[in-house]
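Note: the block below is start_15.txt and it holds compact mmCIF, C-alpha atoms and all ligand atoms.
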# COMPACT_ATOMS: atom_id res chain seq x y z
CA MET A 1 0.00 0.00 0.00
CA THR A 2 1.40 3.43 -0.87
CA ILE A 3 0.73 6.51 1.19
CA ASP A 4 -0.10 9.60 -0.71
CA ILE A 5 0.34 12.81 1.31
CA ASP A 6 0.05 16.19 -0.38
CA THR A 7 -1.51 18.40 2.29
CA PRO A 8 0.41 21.34 3.80
CA PRO A 9 2.60 20.68 6.85
CA THR A 10 0.93 20.97 10.24
CA ILE A 11 3.48 23.60 11.24
CA ALA A 12 6.28 25.41 9.40
CA TRP A 13 8.56 28.39 9.89
CA VAL A 14 8.01 30.61 6.86
CA ASP A 15 10.13 33.76 6.36
CA ASP A 16 9.73 35.43 9.76
CA HIS A 17 6.70 33.71 11.27
CA VAL A 18 5.02 30.42 12.12
CA GLU A 19 2.40 28.92 9.83
CA ILE A 20 0.00 26.25 11.04
CA ILE A 21 -3.03 24.43 9.74
CA ASP A 22 -5.94 25.72 11.85
CA GLN A 23 -7.17 22.35 13.06
CA THR A 24 -10.36 23.78 14.57
CA LEU A 25 -11.65 24.21 11.01
CA LEU A 26 -10.92 20.70 9.75
CA PRO A 27 -12.30 18.81 7.96
CA ALA A 28 -14.66 21.44 6.55
CA GLU A 29 -11.84 23.84 5.64
CA LEU A 30 -8.10 23.43 5.19
CA ARG A 31 -6.82 26.88 6.17
CA VAL A 32 -3.22 27.81 6.94
CA ILE A 33 -2.85 30.70 9.39
CA ALA A 34 0.15 32.83 10.36
CA LEU A 35 1.30 33.32 13.97
CA ARG A 36 3.35 36.52 14.27
CA THR A 37 2.98 37.47 17.95
CA VAL A 38 3.26 35.74 21.32
CA ASP A 39 -0.46 36.36 21.84
CA GLU A 40 -1.21 34.54 18.59
CA VAL A 41 1.05 31.60 19.51
CA VAL A 42 -0.53 31.26 22.98
CA ASP A 43 -4.03 31.60 21.56
CA ALA A 44 -3.44 29.01 18.81
CA ILE A 45 -2.15 26.46 21.32
CA GLY A 46 -4.88 27.21 23.87
CA ARG A 47 -7.79 26.90 21.43
CA LEU A 48 -6.29 23.78 19.82
CA ALA A 49 -5.73 25.37 16.41
CA ILE A 50 -2.48 23.46 16.78
CA ARG A 51 -2.56 20.44 19.06
CA GLY A 52 -0.90 17.15 19.79
CA ALA A 53 2.09 17.02 22.12
CA PRO A 54 4.98 17.13 19.61
CA ALA A 55 3.27 19.72 17.38
CA ILE A 56 2.69 22.13 20.26
CA GLY A 57 6.29 21.50 21.30
CA ALA A 58 7.49 22.65 17.87
CA CYS A 59 5.11 25.61 18.00
CA GLY A 60 6.48 26.56 21.42
CA ALA A 61 10.05 26.30 20.15
CA TYR A 62 9.33 28.61 17.21
CA GLY A 63 7.33 30.77 19.61
CA VAL A 64 10.59 31.70 21.35
CA VAL A 65 11.80 33.22 18.06
CA VAL A 66 8.49 35.06 17.72
CA ALA A 67 9.02 36.40 21.26
CA ILE A 68 12.54 37.59 20.43
CA ASP A 69 11.26 39.37 17.31
CA GLU A 70 8.42 40.94 19.27
CA LEU A 71 10.88 42.33 21.82
CA ALA A 72 13.17 43.62 19.06
CA ALA A 73 10.23 45.37 17.36
CA GLY A 74 9.54 47.13 20.67
CA GLY A 75 13.18 48.13 21.01
CA SER A 76 14.00 45.61 23.79
CA SER A 77 16.78 43.08 23.89
CA ALA A 78 16.07 39.39 24.38
CA GLY A 79 17.82 39.13 27.74
CA PRO A 80 16.37 36.72 30.33
CA ASP A 81 14.45 39.48 32.15
CA GLU A 82 12.62 40.54 29.01
CA LEU A 83 12.27 37.13 27.33
CA GLY A 84 11.37 35.10 30.44
CA PRO A 85 7.79 36.35 30.93
CA LEU A 86 6.98 35.80 27.24
CA THR A 87 8.43 32.30 27.04
CA GLU A 88 6.69 31.36 30.32
CA ARG A 89 3.37 32.38 28.80
CA ILE A 90 4.04 30.10 25.85
CA ALA A 91 5.21 27.16 27.99
CA ASP A 92 2.11 27.51 30.20
CA ALA A 93 -0.36 27.67 27.32
CA ARG A 94 -1.34 24.04 28.01
CA PRO A 95 -0.20 22.07 31.08
CA THR A 96 -0.32 18.36 30.33
CA ALA A 97 1.86 17.72 27.26
CA VAL A 98 5.43 17.84 28.53
CA ASN A 99 6.75 18.47 25.01
CA LEU A 100 5.60 22.09 25.14
CA ARG A 101 7.63 23.16 28.18
CA TRP A 102 10.45 20.81 27.21
CA ALA A 103 10.81 22.48 23.79
CA VAL A 104 10.52 26.06 25.06
CA ASP A 105 13.04 25.41 27.86
CA ARG A 106 15.39 23.72 25.39
CA VAL A 107 15.48 26.74 23.08
CA VAL A 108 15.81 29.18 25.99
CA ALA A 109 18.69 27.14 27.48
CA ARG A 110 20.44 27.00 24.10
CA ILE A 111 20.54 30.78 23.71
CA ALA A 112 21.21 31.66 27.37
CA PRO A 113 25.02 31.67 27.02
CA MET A 114 24.97 33.47 23.64
CA ASP A 115 25.80 37.08 22.91
CA ALA A 116 22.68 39.19 22.36
CA ALA A 117 23.46 39.51 18.65
CA ASP A 118 23.45 35.74 18.17
CA ARG A 119 20.35 34.83 20.14
CA ARG A 120 17.74 35.04 17.42
CA ALA A 121 19.71 32.88 14.99
CA GLY A 122 20.51 30.48 17.83
CA ALA A 123 16.86 30.19 18.82
CA LEU A 124 15.76 29.59 15.24
CA ALA A 125 18.42 26.91 14.72
CA GLU A 126 17.37 25.13 17.93
CA ALA A 127 13.67 25.33 17.00
CA HIS A 128 14.50 23.83 13.58
CA ALA A 129 16.37 21.05 15.43
CA VAL A 130 13.30 20.34 17.61
CA PHE A 131 11.21 20.17 14.44
CA ALA A 132 13.62 17.90 12.55
CA GLU A 133 14.21 15.56 15.48
CA ASP A 134 10.48 15.03 15.90
CA ARG A 135 10.06 14.38 12.17
CA ASP A 136 12.84 11.77 12.28
CA ALA A 137 11.48 10.26 15.52
CA CYS A 138 8.11 9.73 13.82
CA ASP A 139 9.77 7.85 10.95
CA ALA A 140 11.66 5.67 13.43
CA ILE A 141 8.49 5.04 15.47
CA GLY A 142 6.84 3.93 12.23
CA ARG A 143 9.67 1.48 11.53
CA HIS A 144 9.72 0.06 15.06
CA GLY A 145 5.94 -0.16 15.14
CA ALA A 146 5.82 -2.03 11.83
CA ALA A 147 8.45 -4.48 13.08
CA GLU A 148 6.57 -4.95 16.38
CA LEU A 149 3.15 -5.46 14.80
CA PRO A 150 3.75 -7.10 11.39
CA ASP A 151 0.57 -9.18 11.49
CA ALA A 152 -1.74 -6.64 13.14
CA ARG A 153 -4.00 -5.74 10.25
CA THR A 154 -6.73 -3.89 12.11
CA LEU A 155 -5.67 -1.25 14.62
CA MET A 156 -7.82 0.90 16.89
CA THR A 157 -6.73 4.39 17.89
CA HIS A 158 -8.05 7.31 19.91
CA CYS A 159 -7.81 11.07 19.33
CA ASN A 160 -5.29 12.11 16.66
CA ALA A 161 -1.66 11.15 17.04
CA GLY A 162 -0.79 11.56 13.40
CA ARG A 163 0.70 14.07 10.97
CA LEU A 164 -1.54 16.75 12.39
CA ALA A 165 -0.13 16.18 15.88
CA THR A 166 3.59 16.08 15.06
CA THR A 167 6.12 17.49 12.61
CA GLY A 168 6.33 14.14 10.80
CA ILE A 169 4.10 11.18 10.03
CA GLY A 170 2.82 10.92 13.59
CA THR A 171 3.26 8.52 16.49
CA ALA A 172 0.27 6.16 16.75
CA LEU A 173 -0.57 6.90 13.12
CA GLY A 174 3.17 6.79 12.41
CA VAL A 175 2.86 3.08 13.18
CA VAL A 176 0.00 2.86 10.69
CA TYR A 177 1.98 4.69 7.98
CA GLY A 178 5.06 2.65 8.89
CA LYS A 179 3.13 -0.54 8.26
CA ALA A 180 1.76 0.86 5.00
CA ARG A 181 5.30 1.77 3.91
CA GLU A 182 6.39 -1.82 4.60
CA GLY A 183 3.53 -3.06 2.43
CA HIS A 184 1.52 -4.50 5.33
CA PRO A 185 -2.24 -4.45 4.83
CA VAL A 186 -3.59 -2.09 7.50
CA GLU A 187 -6.89 -0.49 8.43
CA VAL A 188 -7.87 1.69 11.38
CA TYR A 189 -10.87 2.05 13.67
CA ALA A 190 -10.85 5.65 14.91
CA SER A 191 -12.88 6.62 17.96
CA GLU A 192 -14.73 9.94 17.69
CA THR A 193 -12.92 11.40 20.73
CA ARG A 194 -15.55 13.56 22.32
CA PRO A 195 -15.96 16.38 23.02
CA LEU A 196 -13.74 18.02 20.37
CA LEU A 197 -13.82 15.09 17.95
CA GLN A 198 -10.11 14.90 17.12
CA GLY A 199 -10.76 11.30 15.97
CA ALA A 200 -13.81 12.04 13.84
CA ARG A 201 -12.57 15.34 12.41
CA LEU A 202 -8.81 14.87 12.22
CA THR A 203 -7.83 11.18 12.20
CA VAL A 204 -10.49 10.25 9.68
CA TRP A 205 -9.55 13.21 7.44
CA GLU A 206 -5.85 12.47 7.74
CA LEU A 207 -6.05 8.73 7.09
CA ALA A 208 -8.54 9.15 4.27
CA SER A 209 -6.24 11.77 2.66
CA ALA A 210 -3.41 9.24 2.84
CA GLY A 211 -5.50 6.43 1.34
CA ILE A 212 -5.63 4.32 4.54
CA PRO A 213 -8.97 2.56 5.13
CA VAL A 214 -10.57 4.04 8.25
CA THR A 215 -13.79 3.30 10.14
CA LEU A 216 -15.25 5.87 12.51
CA MET A 217 -16.78 4.61 15.76
CA PRO A 218 -18.40 6.26 18.80
CA ASP A 219 -16.09 6.27 21.83
CA SER A 220 -18.69 4.27 23.73
CA SER A 221 -18.54 1.41 21.21
CA ALA A 222 -14.88 0.61 21.91
CA CYS A 223 -15.49 -1.95 24.64
CA GLY A 224 -17.85 -3.97 22.44
CA LEU A 225 -15.56 -3.62 19.42
CA LEU A 226 -12.55 -4.88 21.36
CA ALA A 227 -14.57 -7.77 22.81
CA SER A 228 -15.70 -8.73 19.29
CA GLY A 229 -12.20 -9.84 18.30
CA ARG A 230 -12.04 -7.53 15.26
CA ILE A 231 -9.12 -5.47 16.58
CA ASP A 232 -5.55 -6.83 16.56
CA ALA A 233 -3.97 -4.04 18.63
CA VAL A 234 -4.76 -0.63 20.11
CA VAL A 235 -2.16 2.08 19.43
CA VAL A 236 -2.46 5.56 20.95
CA GLY A 237 -0.21 8.57 21.46
CA ALA A 238 0.82 10.24 24.72
CA ASP A 239 1.05 13.72 26.19
CA ARG A 240 3.31 12.80 29.09
CA ILE A 241 4.81 9.52 30.21
CA ALA A 242 5.86 9.37 33.86
CA ALA A 243 9.08 7.70 34.99
CA ASN A 244 7.12 4.59 36.00
CA GLY A 245 5.39 4.26 32.59
CA ASP A 246 1.99 5.75 33.53
CA VAL A 247 0.67 7.52 30.42
CA ALA A 248 -1.36 10.71 30.17
CA ASN A 249 -3.24 10.88 26.89
CA LYS A 250 -6.56 12.17 25.55
CA VAL A 251 -9.46 11.49 27.91
CA GLY A 252 -10.96 8.11 27.11
CA THR A 253 -7.63 6.39 26.58
CA PHE A 254 -7.76 4.75 30.03
CA ALA A 255 -11.16 3.20 29.24
CA HIS A 256 -9.79 1.76 25.97
CA ALA A 257 -6.81 0.30 27.85
CA VAL A 258 -9.09 -1.37 30.42
CA ALA A 259 -11.26 -2.79 27.65
CA ALA A 260 -8.22 -4.00 25.68
CA ALA A 261 -6.84 -5.76 28.78
CA ARG A 262 -10.23 -7.43 29.40
CA ALA A 263 -10.28 -8.61 25.78
CA GLY A 264 -6.64 -9.75 25.83
CA ILE A 265 -5.66 -7.30 23.07
CA PRO A 266 -2.25 -5.59 23.14
CA PHE A 267 -2.35 -1.91 24.07
CA TYR A 268 0.58 0.14 22.74
CA VAL A 269 1.58 3.74 23.34
CA ALA A 270 3.61 5.35 20.54
CA ALA A 271 5.59 8.43 21.54
CA PRO A 272 8.98 10.08 21.09
CA THR A 273 11.28 10.02 24.09
CA SER A 274 10.68 13.79 24.38
CA THR A 275 7.25 12.83 25.79
CA ILE A 276 8.85 10.95 28.69
CA ASP A 277 9.15 13.16 31.76
CA PRO A 278 11.67 11.71 34.21
CA ALA A 279 10.83 14.51 36.66
CA THR A 280 7.31 13.09 37.03
CA ALA A 281 7.53 9.94 39.16
CA THR A 282 4.02 8.59 38.54
CA GLY A 283 0.85 9.52 36.69
CA ALA A 284 -0.64 10.90 39.91
CA GLU A 285 1.71 13.89 39.58
CA ILE A 286 0.64 14.81 36.05
CA GLU A 287 -1.43 17.98 35.82
CA ILE A 288 -4.57 17.22 33.84
CA GLU A 289 -5.86 20.15 31.81
CA ASP A 290 -9.38 21.17 32.74
CA ARG A 291 -11.16 22.72 29.78
CA SER A 292 -14.26 24.85 29.46
CA GLY A 293 -17.62 23.20 30.01
CA ASP A 294 -18.81 24.90 26.83
CA GLU A 295 -16.89 22.27 24.85
CA VAL A 296 -19.16 19.57 26.28
CA GLN A 297 -22.36 21.55 26.55
CA ALA A 298 -22.42 22.23 22.83
CA SER A 299 -25.24 24.45 21.67
CA ASP A 300 -26.84 21.71 19.60
CA LEU A 301 -27.09 19.48 22.67
CA ARG A 302 -28.23 22.18 25.08
CA ALA A 303 -31.85 21.54 24.16
CA ALA A 304 -31.52 18.15 25.85
CA HIS A 305 -31.82 19.81 29.27
CA PRO A 306 -33.48 22.97 30.50
CA GLY A 307 -30.44 25.18 31.10
CA PRO A 308 -26.73 25.36 31.82
CA VAL A 309 -25.46 22.39 33.78
CA ALA A 310 -22.25 21.81 35.74
CA VAL A 311 -19.69 20.17 33.44
CA TRP A 312 -16.50 18.25 34.20
CA ASN A 313 -14.29 18.39 31.13
CA PRO A 314 -10.80 16.98 31.72
CA ALA A 315 -8.82 16.92 28.48
CA PHE A 316 -6.75 13.87 29.45
CA ASP A 317 -6.66 10.82 31.67
CA VAL A 318 -3.87 8.63 32.96
CA THR A 319 -3.52 5.00 31.93
CA PRO A 320 -1.60 3.03 34.56
CA ALA A 321 1.59 1.42 33.30
CA ASP A 322 0.37 -2.11 34.04
CA LEU A 323 -2.19 -1.80 31.21
CA VAL A 324 0.48 -0.86 28.64
CA THR A 325 1.99 -3.67 26.52
CA GLY A 326 4.82 -1.55 25.14
CA ILE A 327 5.89 2.02 24.43
CA ILE A 328 7.00 2.42 20.81
CA THR A 329 9.67 5.14 20.72
CA GLU A 330 12.22 6.27 18.15
CA VAL A 331 14.88 4.17 19.87
CA GLY A 332 12.84 0.99 20.02
CA VAL A 333 9.97 -0.59 21.93
CA LEU A 334 10.15 -0.15 25.71
CA ARG A 335 8.69 -3.02 27.70
CA PRO A 336 7.70 -3.59 31.33
CA ASP A 337 9.18 -3.06 33.87
CA PHE A 338 8.87 0.49 32.44
CA ARG A 339 10.63 2.08 35.41
CA GLU A 340 13.72 0.15 34.32
CA SER A 341 13.33 0.38 30.54
CA ILE A 342 12.60 4.13 30.74
CA ALA A 343 15.59 4.80 33.01
CA GLU A 344 17.79 2.79 30.66
CA VAL A 345 16.68 4.64 27.52
CA LEU A 346 17.01 8.07 29.14
CA ALA A 347 20.50 7.19 30.34
CA GLY A 348 21.34 6.82 26.64
O1 LIG A 401 -6.00 17.86 23.24
P1 LIG A 401 -5.13 17.35 22.13
O2 LIG A 401 -5.85 17.21 20.85
O3 LIG A 401 -3.85 18.13 22.01
O4 LIG A 401 -4.72 15.88 22.61
C1 LIG A 401 -3.80 15.18 21.82
C2 LIG A 401 -3.53 13.82 22.31
O5 LIG A 401 -4.02 13.38 23.34
C3 LIG A 401 -2.54 13.01 21.52
O6 LIG A 401 -2.84 11.65 21.60
C4 LIG A 401 -1.14 13.24 22.07
O7 LIG A 401 -0.85 14.60 22.19
C5 LIG A 401 -0.10 12.60 21.22
S1 LIG A 401 0.08 13.40 19.65
C6 LIG A 401 1.31 12.59 18.85
Output the file's structure in the form of structure tokens.
Ligand code: MRU
Amino acid sequence: MTIDIDTPPTIAWVDDHVEIIDQTLLPAELRVIALRTVDEVVDAIGRLAIRGAPAIGACGAYGVVVAIDELAAGGSSAGPDELGPLTERIADARPTAVNLRWAVDRVVARIAPMDAADRRAGALAEAHAVFAEDRDACDAIGRHGAAELPDARTLMTHCNAGRLATTGIGTALGVVYGKAREGHPVEVYASETRPLLQGARLTVWELASAGIPVTLMPDSSACGLLASGRIDAVVVGADRIAANGDVANKVGTFAHAVAAARAGIPFYVAAPTSTIDPATATGAEIEIEDRSGDEVQASDLRAAHPGPVAVWNPAFDVTPADLVTGIITEVGVLRPDFRESIAEVLAG
């Protein structure tokens, strides 16, 4: 099977600004928007115009360059006192995906020892490195995933951990594309991923654009689907992996992992090592983003009850490490005991 991809990149540095696909508009409209100010970068990340852990990491990295340019336009230098508040705003735009703070801090640390005159070029070079490393990591995840799951024809995934969520071919969907590149027959069941429908809007659009057979399913059908024996493996992405292998990912992932375990189906997490946070001991320490109730209480559903209702809308949940079969990274597949395999891989 060939994969045919001719859509614009999810994120790119163009001339003197960031360009992203505005993912809030997909699949109805494929619109590329420019981010030229720190406000625009923070807003784009916060409203999920760009989303997915590695993609917001790259956006944060380029955001440091945007911040330096913004200071220069106002006649300020990009010393730590001036730059710090702007880069903190970017790193705090969303709390759960460790890639965002990791990437911002990496660029800031790279330019800290530089002369003022060199900082902008240094920041841009480091942001390009973040971008390129993620693209290469996705390719490697695809290769390792294809080698790990050569006979898994039908995969189930949740949310969107594909091209739209990374600077390359994706993580969970990187495994799908990796299998397609190897000539394996592969098809995907994509859960809707309420409330913002990253599965229905983004994964279906992305896989269909690449010519991969995809079937959309309600989130609530996953348990029955997994029990039916039609799925060979579940593969999802991650926003943060704790040192013990607990995995924060889009809300609903934990339920899929429980159902997969009950059905005896392997449950894989595909993520670059930049998503592993050694400073977070267990999943209990991961900050879970709480989003607006308006996302759940959509206007078309409001008629179902007489007025506004209290809403709990966590964006992520934490899947305990004991439900994870393996973590497919760019350096290979990590296996339980994850505390040991993670420590080993981070030690290099
Ligand atoms: O809220 P989102 O859409 O940013 O959530 C994205 C996910 O949960 C992805 O699975 C995760 O970031 C991995 S993307 C390669």
So that all listed atoms of ligand LIG 401 (chain A) fit with 5 Å spare on each side, what axis-aligned box centre and edge lengths in Å, to one decimal, would you give as lines of an AutoDock Vina configuration file?
center_x = -2.3
center_y = 14.9
center_z = 21.1
size_x = 17.3
size_y = 16.5
size_z = 14.5
Neighbour list for range 187-201 of chain A as a PyMOL selection string, cut-off 6 Å, only C-alpha atoms, skip fewer than 3 positions in-chain:
chain A and resi 27+154-160+204+213-219+296
For the atom pair CA of Val104 in chain A and CA of Gly63 in chain A, what is the interatomic distance in Å to one decimal place?
7.9 Å
Got a sec: who's within 10 Å of Ala180 in chain A, counting only C-alpha atoms, leaving out chain neighbours fewer than 2 positions off, as a CSV table (one decimal) with C-alpha atoms, keeping the file's coordinate frame?
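New file part-v1.csv:
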chain,number,residue,atom,x,y,z
A,1,MET,CA,0.0,0.0,0.0
A,2,THR,CA,1.4,3.4,-0.9
A,3,ILE,CA,0.7,6.5,1.2
A,142,GLY,CA,6.8,3.9,12.2
A,146,ALA,CA,5.8,-2.0,11.8
A,174,GLY,CA,3.2,6.8,12.4
A,175,VAL,CA,2.9,3.1,13.2
A,176,VAL,CA,0.0,2.9,10.7
A,177,TYR,CA,2.0,4.7,8.0
A,178,GLY,CA,5.1,2.6,8.9
A,182,GLU,CA,6.4,-1.8,4.6
A,183,GLY,CA,3.5,-3.1,2.4
A,184,HIS,CA,1.5,-4.5,5.3
A,185,PRO,CA,-2.2,-4.4,4.8
A,186,VAL,CA,-3.6,-2.1,7.5
A,187,GLU,CA,-6.9,-0.5,8.4
A,211,GLY,CA,-5.5,6.4,1.3
A,212,ILE,CA,-5.6,4.3,4.5
Interface rows for chain A against ligand LIG 401 (chain A): nearest pair, Å to one decimal, 8 Å, all atoms listed in the file, as a Markdown table:
| residue | atom | partner | partner_atom | distance |
| --- | --- | --- | --- | --- |
| A:Leu48 | CA | A:LIG401 | O3 | 6.5 |
| A:Ile50 | CA | A:LIG401 | O3 | 7.6 |
| A:Arg51 | CA | A:LIG401 | O3 | 4.0 |
| A:Gly52 | CA | A:LIG401 | O7 | 3.5 |
| A:Ala53 | CA | A:LIG401 | O7 | 3.8 |
| A:Pro54 | CA | A:LIG401 | C6 | 5.9 |
| A:Ala55 | CA | A:LIG401 | S1 | 7.4 |
| A:Ile56 | CA | A:LIG401 | O3 | 7.9 |
| A:Ala97 | CA | A:LIG401 | O7 | 6.5 |
| A:His158 | CA | A:LIG401 | O6 | 7.0 |
| A:Cys159 | CA | A:LIG401 | O6 | 5.5 |
| A:Asn160 | CA | A:LIG401 | O6 | 5.5 |
| A:Ala161 | CA | A:LIG401 | C6 | 3.8 |
| A:Gly162 | CA | A:LIG401 | C6 | 5.9 |
| A:Ala165 | CA | A:LIG401 | S1 | 4.7 |
| A:Thr166 | CA | A:LIG401 | C6 | 5.6 |
| A:Gly170 | CA | A:LIG401 | C6 | 5.7 |
| A:Thr171 | CA | A:LIG401 | C6 | 5.1 |
| A:Ala172 | CA | A:LIG401 | C6 | 6.8 |
| A:Leu196 | CA | A:LIG401 | O2 | 7.9 |
| A:Gln198 | CA | A:LIG401 | O2 | 6.1 |
| A:Val236 | CA | A:LIG401 | O6 | 6.1 |
| A:Gly237 | CA | A:LIG401 | C5 | 4.0 |
| A:Ala238 | CA | A:LIG401 | C5 | 4.3 |
| A:Asp239 | CA | A:LIG401 | O7 | 4.5 |
| A:Ala248 | CA | A:LIG401 | O5 | 7.8 |
| A:Asn249 | CA | A:LIG401 | O5 | 4.4 |
| A:Lys250 | CA | A:LIG401 | O5 | 3.6 |
| A:Val251 | CA | A:LIG401 | O5 | 7.4 |
| A:Ala270 | CA | A:LIG401 | C6 | 7.8 |
| A:Ala271 | CA | A:LIG401 | C6 | 6.5 |
| A:Ala315 | CA | A:LIG401 | O1 | 6.0 |
| A:Phe316 | CA | A:LIG401 | O5 | 6.7 |
Go through range 105-209 of chain A residue by residue and, counting all atoms listed in the file, keep those with an atom at most 9 Å from range 7-14 of chain A; for each kept residue give the shortest atom pair and its distance in Å to one decimal, ordered by chain and increasing number, as a Markdown table.
| residue | atom | partner | partner_atom | distance |
| --- | --- | --- | --- | --- |
| A:His128 | CA | A:Trp13 | CA | 8.3 |
| A:Phe131 | CA | A:Ala12 | CA | 8.8 |
| A:Arg163 | CA | A:Thr10 | CA | 6.9 |
| A:Leu164 | CA | A:Thr10 | CA | 5.3 |
| A:Ala165 | CA | A:Thr10 | CA | 7.5 |
| A:Thr166 | CA | A:Thr10 | CA | 7.4 |
| A:Thr167 | CA | A:Thr10 | CA | 6.7 |
| A:Gly168 | CA | A:Pro9 | CA | 8.5 |
| A:Ser209 | CA | A:Thr7 | CA | 8.2 |
Exercise: residues within 10 Å of coordinate (10.9, -2.1, 13.1), counting only C-alpha atoms, as a tab-separated table (two decimals) with C-alpha atoms, in the coordinates of the input:
chain	number	residue	atom	x	y	z
A	140	ALA	CA	11.66	5.67	13.43
A	141	ILE	CA	8.49	5.04	15.47
A	142	GLY	CA	6.84	3.93	12.23
A	143	ARG	CA	9.67	1.48	11.53
A	144	HIS	CA	9.72	0.06	15.06
A	145	GLY	CA	5.94	-0.16	15.14
A	146	ALA	CA	5.82	-2.03	11.83
A	147	ALA	CA	8.45	-4.48	13.08
A	148	GLU	CA	6.57	-4.95	16.38
A	149	LEU	CA	3.15	-5.46	14.80
A	150	PRO	CA	3.75	-7.10	11.39
A	175	VAL	CA	2.86	3.08	13.18
A	178	GLY	CA	5.06	2.65	8.89
A	179	LYS	CA	3.13	-0.54	8.26
A	182	GLU	CA	6.39	-1.82	4.60
A	328	ILE	CA	7.00	2.42	20.81
A	330	GLU	CA	12.22	6.27	18.15
A	332	GLY	CA	12.84	0.99	20.02
A	333	VAL	CA	9.97	-0.59	21.93
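The spacing separating CA of Arg106 in chain A from CA of Glu126 in chain A amounts to 7.8 Å.
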If we count all atoms listed in the file, what is near range 256-268 of chain A at a cut-off of 6 Å, once residues fewer than 5 positions away on the same chain are taken out, given as a ChimeraX atom specification?
/A:223,227,233-235,324-327
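Residue nearest Glu70 in chain A, chosen from A:Gly57, A:Ala49, A:Ala93, A:Thr37 and counting all atoms listed in the file: A:Thr37.
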Exercise: range 107-118 of chain A partners within 12 Å, only C-alpha atoms, chain neighbours under 6 positions left out, as a ChimeraX atom specification:
/A:57-65,67-68,72,76-81,83-88,90-91,100-101,124-131
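Pairwise distance (CA of Ala103 in chain A, CA of Glu340 in chain A) equals 24.9 Å.
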